[in-house]
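Reading through the structure tokens given below for one structure.
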Amino acid sequence: MELSFSSMIGVAVGLVVVYYILSLIVSSITDLVTKWFDLRAKDLLRGLRELIDKPEQIEKLMNHRLVAPLKTQRLLPSPKMEIEVAGKKAEIPHIEDIPAREFALALFDVVAPDAGAGDGPTALNGFRETVTALPDGRAKEAVLKFTNSGVKSIQETRALAEGWFDDTMKRVTELYRQQTRLISVVLALVIALALGVDSIALTVHLWHEPSARALFAERADQILQEQGSEADPESLTEDLKALNIPIFWWSDPPETPGGWIVKVIGTIITGLAAGLGSQFWYQVLKQLRPGASRPAKAAT
């Protein structure tokens with residue numbers, strides 16, 4: 001077949017559509033996995049332990065009247081969130097995120113309850129004296145550092161505590177992203193190998209079948225016009241089957257050892273590509289089909 005730029009773009013569009021659909025499947029399953037294992041809540045707790053070294057203070061903060069209502073509503077049962085306090089297991093709520101303001105207010109209430117009523121220099125001095133008298137700990141050291149940093153009110157001290165919390169949560173968020181990225185890549189490889197979605201076979205098929213390229217171009221335009229798909233994994237898998245492409249294990253199984261090697265390599269390529277995420281492939285699709293996502297002009 002004669003090489004042509006349009007044919008190459010058509011092949012690329014077909015590959016990207018498959019990667020995009022698989023990425024959505026992976027994303028849906030990754031979300032279920034992270035929620036089931038409470039990864040975000042556990043990372044939040046890990047971050048709190050960086051800030052506060054006393055388990056009893058963490059327990060009080062998590063069960064504080066400002067923080068406890070932030071508990072994540074869960075449809076499925078999951079293991080309890082617990083923390084060891086004085087040699088015993090204490091249950092804490094499943095919380096995935098705490099706003100910095102609520103954290104600072106709850107922390108000050110936990111570290112020095114009933115101290116520093118009001119605001120201004122007088123209240124700040126009273127608050128500082130109360131905190132100074134507390135047993136040593138990471139939270140005490142941080143709060144004292146804030147009160148001795150030239151602030152003139154408890155409100156300014158809380159603002160510093162909010163920034164302290166935000167900086168730690170940025171690191172926690174990055175850790176969570178790394179975890180979900182790793183889970184996504186592993187799931188993408190598993191799904192690609194389980195289904196036998198072969199990028200090499202798909203490339204060959206698309207190159208020799210103009211009708212297949214047209215079908216994928218149509219599906220790509222639909223994806224872009226809908227601004228992405230929110231379908232569930234089962235319907236997305238059916239979507240792949242509906243494209244009628246010979247890429248699955250059961251559609252065209254290899255007959256030689258060499259064929260199996262190529263097939264496995266093709267599925268690994270697919271898994272690694274799908275692991276890049278649906279947003280990545282959606283943006284690539286927009287570049288390949290620049291006019292598809294533009295809204296139609298209203299008639300005048």
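Just remember, in the structure tokens the first chain shown is A, the second B, etc., residues are 1-based per chain, and ligands are 1-based in the order shown.
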> What's the 12 Å shell around region 160-167 of chain A, counting only C-alpha atoms, without same-chain residues fewer than 5 positions away, as a count of residues only?
Replying inline: 38
>> When you count only C-alpha atoms, which of these residues is closest to Glu218 (chain A): A:Ile9, A:Val262, A:Ile183, A:Val17?
In response: A:Val17
>> To one decimal place in Å, what is the distance between CA of Lys152 (chain A) and CA of Gly126 (chain A)?
In response: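 About the pair CA of Lys152 (chain A) and CA of Gly126 (chain A): they are 12.4 Å apart.
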>> Neighbouring residues of Glu56 (chain A) were defined as those with any atom within 7 Å, considering only C-alpha atoms; residues of the same chain fewer than 3 positions away were excluded. Please report them as a PyMOL selection string.
In response: chain A and resi 59-60+85
> Of the residues A:Ser23, A:Asp136, A:Asp252, A:Gln57, which is the one nearest to His205 (chain A), using only C-alpha atoms?
Replying inline: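 Closest residue, counting only C-alpha atoms: A:Asp252.
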> So what do you get for CA of Ile268 (chain A) versus CA of Val204 (chain A), distance-wise?
Replying inline: 16.5 Å
>> For a quick check of understanding, using only C-alpha atoms, which of A:Ile83, A:Val16, A:Leu195, A:Ile58 has the smallest distance to Gln283 (chain A)?
In response: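 Ranked by minimum distance to Gln283 (chain A), first place goes to A:Val16.
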